[in-house]
file protein14.txt (compact mmCIF, C-alpha atoms)
# COMPACT_ATOMS: atom_id res chain seq x y z
CA MET A 715 -23.78 7.37 27.10
CA GLU A 716 -25.22 8.14 23.68
CA ILE A 717 -23.22 11.38 23.48
CA SER A 718 -20.04 9.45 24.35
CA SER A 719 -20.83 6.89 21.65
CA ILE A 720 -21.41 9.60 19.04
CA LYS A 721 -18.15 11.29 20.04
CA SER A 722 -16.27 7.99 19.73
CA LYS A 723 -17.72 7.32 16.27
CA GLY A 724 -16.90 10.86 15.22
CA GLN A 725 -13.30 10.36 16.24
CA ASP A 726 -13.14 7.05 14.38
CA LEU A 727 -14.51 8.80 11.28
CA ILE A 728 -11.80 11.45 11.45
CA LEU A 729 -9.13 8.78 11.98
CA GLY A 730 -10.56 6.94 8.98
CA LEU A 731 -10.27 10.10 6.90
CA GLN A 732 -6.62 10.32 7.93
CA HIS A 733 -6.07 6.81 6.53
CA VAL A 734 -7.83 7.78 3.27
CA LEU A 735 -5.67 10.86 2.78
CA ALA A 736 -2.52 8.86 3.52
CA MET A 737 -3.23 6.36 0.75
CA TYR A 738 -5.24 8.42 -1.72
CA SER A 739 -2.44 9.69 -3.94
CA GLY A 740 -0.98 6.19 -4.21
CA GLY A 741 -4.46 4.81 -4.79
CA VAL A 742 -5.14 6.96 -7.85
CA LEU A 743 -1.58 6.80 -9.19
CA VAL A 744 -1.94 3.39 -10.87
CA PRO A 745 -5.13 4.23 -12.86
CA LEU A 746 -3.60 7.56 -13.87
CA LEU A 747 -0.38 5.96 -15.12
CA VAL A 748 -2.00 3.04 -16.90
CA GLY A 749 -4.90 5.06 -18.34
CA THR A 750 -2.56 7.74 -19.67
CA ALA A 751 -0.18 5.20 -21.22
CA LEU A 752 -3.06 3.42 -22.97
CA HIS A 753 -4.59 6.71 -24.17
CA PHE A 754 -7.91 6.33 -22.41
CA SER A 755 -10.47 9.05 -23.10
CA ALA A 756 -11.49 11.62 -20.46
CA SER A 757 -14.71 9.71 -19.71
CA GLN A 758 -12.80 6.42 -19.42
CA MET A 759 -10.27 8.03 -17.06
CA ALA A 760 -13.05 9.47 -14.92
CA TYR A 761 -14.64 6.04 -14.65
CA LEU A 762 -11.29 4.36 -14.02
CA ILE A 763 -10.36 6.55 -11.07
CA SER A 764 -13.83 6.50 -9.50
CA VAL A 765 -14.32 2.75 -9.71
CA ASP A 766 -10.76 2.11 -8.56
CA ILE A 767 -11.36 4.08 -5.37
CA PHE A 768 -14.76 2.39 -4.92
CA MET A 769 -13.25 -1.10 -5.23
CA THR A 770 -10.40 -0.13 -2.91
CA GLY A 771 -13.03 0.39 -0.21
CA ILE A 772 -14.67 -2.96 -0.99
CA ALA A 773 -11.31 -4.78 -0.97
CA THR A 774 -10.39 -3.14 2.35
CA LEU A 775 -13.64 -4.40 3.88
CA PHE A 776 -12.74 -7.92 2.75
CA GLN A 777 -9.51 -7.64 4.73
CA VAL A 778 -10.72 -5.95 7.89
CA LYS A 779 -13.86 -8.09 8.30
CA ARG A 780 -13.08 -11.68 9.26
CA THR A 781 -15.03 -14.55 7.73
CA PRO A 782 -14.22 -18.28 8.01
CA ILE A 783 -12.00 -18.06 4.90
CA THR A 784 -11.13 -14.37 4.37
CA GLY A 785 -9.94 -11.31 6.28
CA ILE A 786 -6.72 -10.68 8.24
CA ALA A 787 -8.86 -8.63 10.70
CA MET A 788 -6.21 -5.97 11.36
CA PRO A 789 -6.16 -2.21 10.61
CA VAL A 790 -5.10 -2.57 6.96
CA VAL A 791 -6.03 -0.53 3.89
CA LEU A 792 -5.74 -1.88 0.35
CA GLY A 793 -4.88 0.02 -2.80
CA SER A 794 -3.72 -0.51 -6.38
CA ALA A 795 -0.34 -2.25 -6.50
CA ILE A 796 2.25 0.05 -8.07
CA GLN A 797 4.30 -2.92 -9.30
CA SER A 798 1.45 -3.82 -11.64
CA VAL A 799 1.83 -0.63 -13.73
CA SER A 800 4.59 -1.70 -16.13
CA PRO A 801 3.27 -5.21 -16.86
CA LEU A 802 -0.30 -3.93 -17.30
CA ILE A 803 0.86 -1.31 -19.79
CA ASN A 804 2.85 -3.94 -21.68
CA ILE A 805 -0.10 -6.33 -21.78
CA GLY A 806 -2.55 -3.57 -22.72
CA THR A 807 -0.43 -2.27 -25.60
CA THR A 808 0.40 -5.70 -27.06
CA LEU A 809 -2.69 -7.83 -26.36
CA GLY A 810 -5.37 -5.25 -25.63
CA VAL A 811 -7.27 -3.98 -22.60
CA GLY A 812 -9.28 -7.21 -22.31
CA ALA A 813 -6.08 -9.20 -21.80
CA MET A 814 -5.14 -6.98 -18.83
CA TYR A 815 -8.35 -7.82 -17.05
CA GLY A 816 -8.36 -11.50 -18.01
CA ALA A 817 -4.86 -11.83 -16.58
CA THR A 818 -5.85 -9.90 -13.45
CA ILE A 819 -8.88 -12.13 -12.80
CA SER A 820 -6.75 -15.24 -13.33
CA ALA A 821 -4.06 -13.97 -10.96
CA GLY A 822 -6.71 -13.24 -8.31
CA ILE A 823 -8.10 -16.78 -8.58
CA PHE A 824 -4.56 -18.16 -8.27
CA VAL A 825 -3.87 -16.12 -5.12
CA PHE A 826 -7.19 -17.17 -3.59
CA LEU A 827 -6.48 -20.85 -4.20
CA ILE A 828 -2.89 -20.89 -2.90
CA GLY A 829 -3.55 -18.68 0.15
CA GLY A 830 -3.47 -21.60 2.58
CA LEU A 831 -0.28 -23.03 1.10
CA PHE A 832 1.49 -19.65 1.02
CA ALA A 833 0.61 -19.12 4.70
CA LYS A 834 2.79 -22.12 5.57
CA LEU A 835 5.77 -19.98 4.62
CA ARG A 836 5.36 -17.95 7.83
CA TYR A 837 8.21 -19.96 9.36
CA PHE A 838 10.50 -18.32 6.83
CA PHE A 839 9.92 -14.95 8.55
CA PRO A 840 11.70 -14.86 11.95
CA PRO A 841 12.51 -11.41 13.48
CA VAL A 842 15.79 -10.99 11.54
CA VAL A 843 13.77 -11.39 8.31
CA THR A 844 10.68 -9.37 9.27
CA GLY A 845 12.78 -6.60 10.82
CA SER A 846 14.90 -6.30 7.68
CA LEU A 847 11.81 -6.43 5.47
CA ILE A 848 9.88 -3.75 7.36
CA THR A 849 12.98 -1.53 7.50
CA VAL A 850 13.26 -1.69 3.72
CA ILE A 851 9.50 -1.19 3.21
CA GLY A 852 9.78 2.10 5.09
CA PHE A 853 13.05 3.47 3.80
CA THR A 854 12.47 2.54 0.15
CA LEU A 855 9.26 4.60 0.27
CA VAL A 856 11.16 7.70 1.42
CA PRO A 857 12.27 8.60 -2.16
CA ILE A 858 8.57 8.63 -3.15
CA ALA A 859 7.95 11.07 -0.32
CA LEU A 860 10.78 13.30 -1.53
CA LEU A 861 9.52 13.10 -5.11
CA ASN A 862 6.13 14.39 -3.98
CA TRP A 863 7.65 16.94 -1.60
CA GLY A 864 9.59 18.43 -4.51
CA GLY A 865 6.45 18.75 -6.64
CA GLY A 866 5.66 15.26 -7.93
CA ASN A 867 7.50 15.50 -11.26
CA ASN A 868 11.28 15.66 -11.09
CA GLN A 869 11.44 16.56 -14.80
CA ALA A 870 9.47 19.77 -14.30
CA ALA A 871 11.30 23.10 -14.09
CA SER A 872 9.43 23.90 -10.86
CA TYR A 873 10.55 20.70 -9.16
CA GLY A 874 12.26 21.44 -5.84
CA ASN A 875 11.61 25.19 -5.97
CA MET A 876 11.44 27.17 -2.74
CA THR A 877 7.63 27.16 -2.63
CA ASN A 878 7.48 23.37 -2.82
CA LEU A 879 10.22 22.91 -0.26
CA LEU A 880 8.55 25.42 2.05
CA LEU A 881 5.11 23.77 1.86
CA GLY A 882 6.50 20.31 2.59
CA THR A 883 8.55 21.67 5.47
CA ILE A 884 5.59 23.51 6.97
CA THR A 885 3.51 20.32 6.76
CA ILE A 886 6.22 18.35 8.55
CA ILE A 887 6.58 20.99 11.28
CA ILE A 888 2.82 20.99 11.87
CA ILE A 889 2.70 17.19 12.10
CA LEU A 890 5.67 17.05 14.47
CA ALA A 891 4.19 19.83 16.62
CA PHE A 892 0.94 17.89 17.09
CA MET A 893 2.85 14.62 17.62
CA LEU A 894 5.13 16.04 20.29
CA LEU A 895 2.85 18.59 21.96
CA GLY A 896 -0.61 17.18 21.33
CA ARG A 897 -2.52 14.87 23.64
CA GLY A 898 -5.04 12.11 23.09
CA PHE A 899 -7.15 12.39 19.96
CA ILE A 900 -5.38 15.53 18.68
CA LYS A 901 -2.07 13.68 18.77
CA ALA A 902 -3.65 10.71 16.97
CA ILE A 903 -4.73 12.84 14.00
CA ALA A 904 -1.45 14.76 13.69
CA VAL A 905 -0.97 13.63 10.08
CA LEU A 906 -4.49 14.68 9.08
CA LEU A 907 -4.10 18.09 10.73
CA GLY A 908 -0.77 18.58 9.01
CA ILE A 909 -2.27 17.79 5.59
CA ILE A 910 -5.27 20.07 6.14
CA MET A 911 -3.23 23.01 7.45
CA GLY A 912 -0.56 22.51 4.82
CA THR A 913 -3.24 22.64 2.12
CA ILE A 914 -4.64 25.86 3.61
CA VAL A 915 -1.18 27.43 3.48
CA ALA A 916 -0.79 26.19 -0.10
CA ALA A 917 -4.13 27.79 -1.04
CA MET A 918 -2.94 31.10 0.42
CA LEU A 919 0.12 30.83 -1.86
CA GLY A 920 -2.04 30.09 -4.91
CA GLN A 921 -1.00 26.44 -5.14
CA VAL A 922 -4.51 24.93 -4.94
CA SER A 923 -6.90 24.61 -7.90
CA LEU A 924 -10.59 23.68 -7.68
CA GLU A 925 -10.88 22.97 -11.41
CA SER A 926 -10.97 19.19 -10.91
CA VAL A 927 -13.89 19.59 -8.49
CA THR A 928 -16.00 21.74 -10.81
CA GLN A 929 -15.43 19.40 -13.77
CA ALA A 930 -16.21 16.15 -11.94
CA SER A 931 -19.68 14.58 -12.15
CA TRP A 932 -21.85 14.03 -9.09
CA PHE A 933 -22.54 10.30 -9.35
CA HIS A 934 -21.11 7.28 -11.15
CA LEU A 935 -22.15 3.66 -10.57
CA PRO A 936 -19.50 0.94 -11.11
CA GLN A 937 -20.29 -1.46 -13.96
CA PRO A 938 -18.69 -4.85 -14.63
CA PHE A 939 -16.53 -4.99 -17.79
CA PHE A 940 -17.18 -1.29 -18.51
CA LEU A 941 -13.90 -0.90 -20.42
CA GLY A 942 -13.86 -4.30 -22.10
CA MET A 943 -14.58 -8.01 -21.74
CA PRO A 944 -11.68 -10.11 -20.45
CA THR A 945 -9.57 -12.22 -22.77
CA PHE A 946 -7.15 -14.87 -21.56
CA HIS A 947 -3.58 -15.35 -22.77
CA THR A 948 -1.05 -17.62 -21.09
CA SER A 949 1.84 -15.13 -21.21
CA SER A 950 -0.14 -12.30 -19.65
CA ILE A 951 -1.63 -14.60 -16.99
CA VAL A 952 1.82 -15.85 -15.95
CA THR A 953 3.09 -12.27 -15.82
CA MET A 954 0.26 -11.10 -13.55
CA ILE A 955 0.65 -14.14 -11.30
CA VAL A 956 4.29 -13.12 -10.78
CA VAL A 957 3.11 -9.59 -9.94
CA ALA A 958 0.48 -11.01 -7.55
CA MET A 959 3.09 -13.10 -5.75
CA THR A 960 5.25 -10.01 -5.41
CA SER A 961 2.30 -8.23 -3.80
CA LEU A 962 1.76 -11.14 -1.41
CA ILE A 963 5.36 -10.89 -0.24
CA GLU A 964 4.91 -7.15 0.39
CA SER A 965 1.61 -7.77 2.17
CA THR A 966 3.28 -10.37 4.39
CA GLY A 967 5.72 -7.70 5.56
CA VAL A 968 2.83 -5.33 6.29
CA TYR A 969 0.94 -8.04 8.21
CA PHE A 970 3.94 -8.68 10.42
CA ALA A 971 4.53 -4.95 10.89
CA LEU A 972 0.95 -4.48 12.09
CA ALA A 973 1.15 -7.61 14.23
CA ASP A 974 4.20 -6.14 15.93
CA LEU A 975 2.37 -2.86 16.49
CA THR A 976 -0.82 -4.46 17.81
CA GLY A 977 0.86 -7.18 19.85
CA ARG A 978 -0.88 -9.93 17.90
CA LYS A 979 0.69 -13.27 17.02
CA LEU A 980 -0.33 -14.28 13.51
CA SER A 981 -1.31 -17.90 12.83
CA ASP A 982 -1.26 -19.76 9.54
CA HIS A 983 -5.04 -19.34 9.42
CA ASP A 984 -4.74 -15.54 9.88
CA LEU A 985 -2.27 -15.24 7.03
CA ALA A 986 -4.28 -17.54 4.75
CA ASN A 987 -7.39 -15.42 5.39
CA GLY A 988 -5.43 -12.29 4.52
CA TYR A 989 -4.07 -13.75 1.29
CA ARG A 990 -7.49 -15.04 0.22
CA ALA A 991 -9.08 -11.64 0.92
CA GLU A 992 -6.43 -10.03 -1.26
CA GLY A 993 -7.07 -12.59 -3.99
CA LEU A 994 -10.81 -11.89 -3.86
CA GLY A 995 -10.12 -8.17 -4.20
CA VAL A 996 -7.92 -8.81 -7.24
CA ILE A 997 -10.64 -10.93 -8.87
CA LEU A 998 -13.20 -8.15 -8.44
CA SER A 999 -10.69 -5.56 -9.68
CA GLY A 1000 -10.51 -7.46 -12.96
CA ILE A 1001 -14.29 -7.81 -13.22
CA PHE A 1002 -14.84 -4.09 -12.63
CA ASN A 1003 -11.91 -3.11 -14.86
CA THR A 1004 -9.62 -1.65 -12.22
CA PHE A 1005 -6.21 -2.94 -11.12
CA PRO A 1006 -4.71 -5.53 -8.72
CA TYR A 1007 -4.79 -4.57 -5.06
CA SER A 1008 -2.30 -5.10 -2.27
CA THR A 1009 -2.01 -4.00 1.34
CA PHE A 1010 -0.70 -0.43 1.57
CA SER A 1011 2.38 -0.06 3.76
CA GLN A 1012 1.95 3.72 4.10
CA ASN A 1013 -1.05 3.15 6.35
CA VAL A 1014 1.16 1.28 8.80
CA GLY A 1015 2.79 4.66 9.40
CA VAL A 1016 -0.62 6.13 10.27
CA VAL A 1017 -1.26 3.38 12.81
CA ARG A 1018 2.23 3.86 14.25
CA LEU A 1019 1.94 7.64 14.52
CA SER A 1020 -1.65 7.79 15.77
CA GLY A 1021 -1.23 4.98 18.29
CA VAL A 1022 -4.79 3.86 17.42
CA LYS A 1023 -4.67 0.15 16.68
CA SER A 1024 -8.41 -0.52 16.46
CA LYS A 1025 -10.11 -1.68 13.25
CA ARG A 1026 -12.99 0.80 13.68
CA PRO A 1027 -11.30 3.70 11.84
CA ILE A 1028 -10.59 1.34 8.93
CA TYR A 1029 -14.29 0.56 8.58
CA PHE A 1030 -14.90 4.29 8.27
CA ALA A 1031 -11.97 4.61 5.84
CA ALA A 1032 -13.42 1.85 3.66
CA SER A 1033 -16.85 3.48 3.76
CA LEU A 1034 -15.36 6.83 2.77
CA LEU A 1035 -13.52 5.22 -0.14
CA ILE A 1036 -16.76 3.62 -1.35
CA LEU A 1037 -18.57 6.96 -1.05
CA ILE A 1038 -15.78 8.79 -2.90
CA GLY A 1039 -15.94 6.17 -5.64
CA LEU A 1040 -19.67 6.75 -6.09
CA LEU A 1041 -19.39 10.55 -5.96
CA PRO A 1042 -16.59 11.66 -8.31
CA LYS A 1043 -17.00 15.31 -7.30
CA PHE A 1044 -16.32 14.40 -3.67
CA GLY A 1045 -13.36 12.31 -4.78
CA ALA A 1046 -11.97 15.19 -6.80
CA LEU A 1047 -12.05 17.34 -3.66
CA VAL A 1048 -9.35 15.16 -2.15
CA THR A 1049 -7.15 15.64 -5.23
CA ILE A 1050 -6.77 19.38 -4.55
CA ILE A 1051 -4.21 18.56 -1.86
CA PRO A 1052 -0.84 19.56 -3.36
CA SER A 1053 1.68 16.79 -3.84
CA THR A 1054 4.18 18.86 -1.86
CA VAL A 1055 1.93 18.70 1.21
CA LEU A 1056 1.39 14.96 0.81
CA GLY A 1057 5.13 14.51 0.33
CA GLY A 1058 5.86 16.18 3.64
CA ALA A 1059 3.36 13.94 5.42
CA MET A 1060 4.71 10.84 3.65
CA PHE A 1061 8.26 11.72 4.69
CA VAL A 1062 7.26 11.47 8.35
CA MET A 1063 5.13 8.34 7.93
CA PHE A 1064 7.57 6.34 5.82
CA GLY A 1065 10.47 7.16 8.11
CA THR A 1066 8.54 5.81 11.09
CA ILE A 1067 7.89 2.53 9.28
CA GLY A 1068 11.62 2.12 8.68
CA VAL A 1069 12.37 2.83 12.33
CA GLN A 1070 9.75 0.26 13.35
CA GLY A 1071 11.74 -2.32 11.41
CA ILE A 1072 14.89 -1.24 13.22
CA ASN A 1073 13.00 -1.62 16.51
CA ILE A 1074 12.21 -5.25 15.61
CA LEU A 1075 15.87 -5.83 14.77
CA ARG A 1076 16.78 -4.69 18.30
CA ASN A 1077 15.53 -8.08 19.50
CA VAL A 1078 17.84 -9.97 17.14
CA ASP A 1079 21.12 -11.36 18.46
CA PHE A 1080 23.66 -9.50 16.35
CA ASP A 1081 26.53 -10.96 18.35
CA ASN A 1082 25.74 -13.89 16.09
CA GLU A 1083 27.51 -12.87 12.89
CA LYS A 1084 25.07 -14.95 10.82
CA ASN A 1085 22.23 -12.60 11.75
CA LEU A 1086 24.46 -9.60 11.06
CA VAL A 1087 25.17 -10.90 7.54
CA ILE A 1088 21.46 -11.62 6.88
CA ALA A 1089 20.32 -8.12 7.89
CA ALA A 1090 23.24 -6.29 6.25
CA LEU A 1091 22.95 -7.95 2.84
CA SER A 1092 19.15 -8.04 2.65
CA ILE A 1093 18.66 -4.40 3.69
CA GLY A 1094 21.55 -3.25 1.52
CA GLY A 1095 20.27 -5.23 -1.46
CA GLY A 1096 16.71 -3.92 -1.13
CA ILE A 1097 17.71 -0.29 -0.83
CA GLY A 1098 20.36 -0.62 -3.53
CA ILE A 1099 18.04 -2.09 -6.14
CA THR A 1100 15.45 0.58 -5.35
CA VAL A 1101 17.99 3.26 -6.22
CA HIS A 1102 19.35 1.42 -9.30
CA PRO A 1103 16.64 -0.91 -10.71
CA GLU A 1104 18.49 -0.89 -14.04
CA PHE A 1105 21.01 -3.23 -12.38
CA PHE A 1106 18.95 -6.15 -13.77
CA GLN A 1107 18.10 -4.58 -17.12
CA HIS A 1108 19.66 -7.41 -19.14
CA LEU A 1109 17.62 -10.14 -17.47
CA PRO A 1110 14.38 -11.48 -19.07
CA GLN A 1111 11.41 -9.18 -18.49
CA THR A 1112 9.64 -11.62 -16.15
CA TRP A 1113 12.70 -11.70 -13.91
CA GLN A 1114 12.94 -7.93 -14.02
CA LEU A 1115 9.35 -7.67 -12.76
CA VAL A 1116 10.41 -9.52 -9.64
CA LEU A 1117 13.96 -8.36 -9.05
CA THR A 1118 13.50 -4.61 -9.58
CA ASN A 1119 11.26 -4.47 -6.49
CA GLY A 1120 13.36 -3.65 -3.44
CA VAL A 1121 10.99 -5.35 -1.01
CA VAL A 1122 11.06 -8.57 -3.02
CA VAL A 1123 14.88 -8.49 -3.26
CA THR A 1124 15.08 -8.02 0.51
CA THR A 1125 12.69 -10.93 1.05
CA ILE A 1126 14.61 -13.25 -1.26
CA LEU A 1127 17.96 -12.36 0.34
CA ALA A 1128 16.70 -12.39 3.94
CA VAL A 1129 14.74 -15.64 3.64
CA GLY A 1130 17.39 -17.35 1.52
CA LEU A 1131 20.32 -16.35 3.73
CA ASN A 1132 18.36 -17.21 6.88
CA MET A 1133 17.62 -20.70 5.54
CA ILE A 1134 21.26 -21.24 4.54
CA LEU A 1135 22.85 -19.81 7.69
CA ASN A 1136 20.30 -20.55 10.42
CA GLY A 1137 18.34 -23.47 8.97
CA PHE A 1138 14.59 -24.01 8.50
CA HIS A 1139 14.02 -26.48 11.33
CA LYS A 1140 15.61 -24.20 13.91
CA GLN A 1141 13.38 -21.31 12.89
CA LYS A 1142 10.27 -23.48 12.91
CA GLU A 1143 11.03 -24.60 16.45
CA GLN A 1144 11.47 -20.97 17.55
CA ALA A 1145 8.23 -19.91 15.86
CA ALA A 1146 6.34 -22.76 17.53

call {"tool": "encode", "arguments": {"input": "protein14.txt", "output": "structure tokens"}}
result
Amino acid sequence: MEISSIKSKGQDLILGLQHVLAMYSGGVLVPLLVGTALHFSASQMAYLISVDIFMTGIATLFQVKRTPITGIAMPVVLGSAIQSVSPLINIGTTLGVGAMYGATISAGIFVFLIGGLFAKLRYFFPPVVTGSLITVIGFTLVPIALLNWGGGNNQAASYGNMTNLLLGTITIIIILAFMLLGRGFIKAIAVLLGIIMGTIVAAMLGQVSLESVTQASWFHLPQPFFLGMPTFHTSSIVTMIVVAMTSLIESTGVYFALADLTGRKLSDHDLANGYRAEGLGVILSGIFNTFPYSTFSQNVGVVRLSGVKSKRPIYFAASLLILIGLLPKFGALVTIIPSTVLGGAMFVMFGTIGVQGINILRNVDFDNEKNLVIAALSIGGGIGITVHPEFFQHLPQTWQLVLTNGVVVTTILAVGLNMILNGFHKQKEQAA
């Protein structure tokens, strides 16, 4: 019995590692982009990345562990919200670093307080809306996968060269082989095995460097307000509240995607707990000088591909993130994975999320032309604005923050059209 228990925990640990690898590049992207733009020193960047990963683990625990007022209690992983990059850079360059964190703390408090009210909006998300939203979440992430598959920087001369294309393709083939031919636990960790084997092949081709590992320190303890004390400005607070609401909309789509996968029916209380947990994570991100967190959609792909819907691997994933955040050298070890390998894995995962959305739409009555219009315009709008975000370049900056996010555009169109064409009361009766 004890041996069986140890084996089960070992498997959960490996599944947790798979979740960490799936989100890690996205998790460190925000501190890298913001820190570079604000000209942080090497020591500041080292702290920024370490504490960001550490707080990602803490924020994930808030979500996966239910309390009376927090926690969605589903297999979710949180990470830095990519939509916060541009506004944070703008705030940091105009009002200073302290204003970034003051606005972040304020936005987190706002989200925590309105969590219960925002949960009442669940009736605005019938299957035609959630299916369209999840489809766009998946397919609008595919370009990010291709960007990484090609080398991570499409301005570089080496972008899309044969070595990069080969490594991404090999990673995909390995993942698909384990998915289609593997059984049980081996099949569940197909993504992890693909990343590991793809990295080994990359090392054989001279594409892996250990320099980041040798230069990293062994231990770093997070400290509140390490980079600066918060300052509070109305304009920056309003901006970050808009960003936080955008993240809540994205998180709502992820919650419904996971609910569909796990067969769980979400209540208002479940959603409110999830929103408040996210708000608490954002508050702490401001205190510890990191960045706003939101639920990562890429990890939905891991749940979908592995078939493991338990929360246990997420506890291990959160623990690993906390450990990585305390031990920068260990964290640097994960960064040796080439972007081309991660891109190949992302390509598989993000595609499966999009198909999951299509699967939800299968249950929608498309003989009703109203539903056809809702799905067609919302999916088309979300994908279109992802490809051409400059479409709204002449609008005020605050509006651009909202409307250049494909997921938000899909939500606005899907919810708005559904309310106009199908009516709120009808949907509320169906949801009840």

call {"tool": "residues_around", "arguments": {"input": "protein14.txt", "residues": "Ile963 of chain A", "least_positions_apart": "4", "cutoff": "8 Å", "atoms": "all atoms listed in the file", "output": "NGL selection string"}}
result
:A and (959 or 967 or 1121-1122 or 1125)

call {"tool": "write_last_selection", "arguments": {"input": "protein14.txt", "atoms": "C-alpha atoms", "output": "short mmCIF file (atom, residue, chain, number, x, y, z; two decimals), in the coordinates of the input"}}
result
data_model
loop_
_atom_site.label_atom_id
_atom_site.label_comp_id
_atom_site.auth_asym_id
_atom_site.auth_seq_id
_atom_site.Cartn_x
_atom_site.Cartn_y
_atom_site.Cartn_z
CA MET A 959 3.09 -13.10 -5.75
CA GLY A 967 5.72 -7.70 5.56
CA VAL A 1121 10.99 -5.35 -1.01
CA VAL A 1122 11.06 -8.57 -3.02
CA THR A 1125 12.69 -10.93 1.05
#

call {"tool": "atom_distance", "arguments": {"input": "protein14.txt", "atom1": "atom CA of Arg978 of chain A", "atom2": "atom CA of Phe1064 of chain A"}}
result
22.0 Å

call {"tool": "residues_around", "arguments": {"input": "protein14.txt", "residues": "Ser923 of chain A", "least_positions_apart": "5", "cutoff": "9 Å", "atoms": "all atoms listed in the file", "output": "MDAnalysis selection string"}}
result
chainID A and resid 917 1050:1051

call {"tool": "atom_distance", "arguments": {"input": "protein14.txt", "atom1": "atom CA of Val791 of chain A", "atom2": "atom CA of His733 of chain A"}}
result
7.8 Å

call {"tool": "closest_residue", "arguments": {"input": "protein14.txt", "among": "A:Gln937, A:Asn1077, A:Thr854, A:Asn1119", "to": "Met1060 of chain A", "atoms": "all atoms listed in the file"}}
result
A:Thr854

call {"tool": "closest_residue", "arguments": {"input": "protein14.txt", "among": "A:Val968, A:Val843, A:Ala916, A:Leu809", "to": "Leu1131 of chain A", "atoms": "only C-alpha atoms"}}
result
A:Val843

call {"tool": "atom_distance", "arguments": {"input": "protein14.txt", "atom1": "atom CA of Met918 of chain A", "atom2": "atom CA of Thr877 of chain A"}}
result
11.7 Å

call {"tool": "closest_residue", "arguments": {"input": "protein14.txt", "among": "A:Pro857, A:Pro840, A:Gly1039, A:Gly749", "to": "Gly1065 of chain A", "atoms": "all atoms listed in the file"}}
result
A:Pro857

call {"tool": "closest_residue", "arguments": {"input": "protein14.txt", "among": "A:Ala833, A:Leu847, A:Leu895, A:Val825", "to": "Ala986 of chain A", "atoms": "all atoms listed in the file"}}
result
A:Ala833

call {"tool": "residues_around", "arguments": {"input": "protein14.txt", "residues": "Ala1089 of chain A", "least_positions_apart": "6", "cutoff": "7 Å", "atoms": "only C-alpha atoms", "output": "list of chain:residue names"}}
result
A:Val842, A:Ser846, A:Ala1128

call {"tool": "residues_around", "arguments": {"input": "protein14.txt", "residues": "His983 of chain A", "least_positions_apart": "6", "cutoff": "10 Å", "atoms": "all atoms listed in the file", "output": "count of residues only"}}
result
10

call {"tool": "closest_residue", "arguments": {"input": "protein14.txt", "among": "A:Met814, A:Ile903, A:Ile1126, A:Leu924", "to": "Leu1091 of chain A", "atoms": "all atoms listed in the file"}}
result
A:Ile1126

call {"tool": "closest_residue", "arguments": {"input": "protein14.txt", "among": "A:Leu906, A:Ala958, A:Leu729, A:Val850", "to": "Gly1095 of chain A", "atoms": "all atoms listed in the file"}}
result
A:Val850

call {"tool": "residues_around", "arguments": {"input": "protein14.txt", "residues": "Phe754 of chain A", "least_positions_apart": "4", "cutoff": "12 Å", "atoms": "only C-alpha atoms", "output": "PyMOL selection string"}}
result
chain A and resi 745-750+758-763+803+806-807+811+941

call {"tool": "closest_atom_pairs", "arguments": {"input": "protein14.txt", "of": "segment 855-884 of chain A", "to": "segment 1098-1116 of chain A", "cutoff": "12 Å", "atoms": "all atoms listed in the file", "output": "JSON lines"}}
result
{"residue": "A:Leu855", "atom": "CA", "partner": "A:Thr1100", "partner_atom": "CA", "distance": 9.3}
{"residue": "A:Val856", "atom": "CA", "partner": "A:Thr1100", "partner_atom": "CA", "distance": 10.7}
{"residue": "A:Pro857", "atom": "CA", "partner": "A:Val1101", "partner_atom": "CA", "distance": 8.8}
{"residue": "A:Ile858", "atom": "CA", "partner": "A:Thr1100", "partner_atom": "CA", "distance": 10.8}

call {"tool": "residues_near_point", "arguments": {"input": "protein14.txt", "point": "(22.7, -11.3, 12.1)", "cutoff": "12 Å", "atoms": "only C-alpha atoms", "output": "VMD selection string"}}
result
chain A and resid 840 to 843 845 to 846 1075 to 1093 1128 1131 to 1132 1135 to 1136

call {"tool": "residues_near_point", "arguments": {"input": "protein14.txt", "point": "(-1.1, -4.7, 1.8)", "cutoff": "7 Å", "atoms": "all atoms listed in the file", "output": "list in words"}}
result
Val790, Val791, Leu792, Glu964, Ser965, Val968, Ser1008, Thr1009, Phe1010 and Ser1011 of chain A
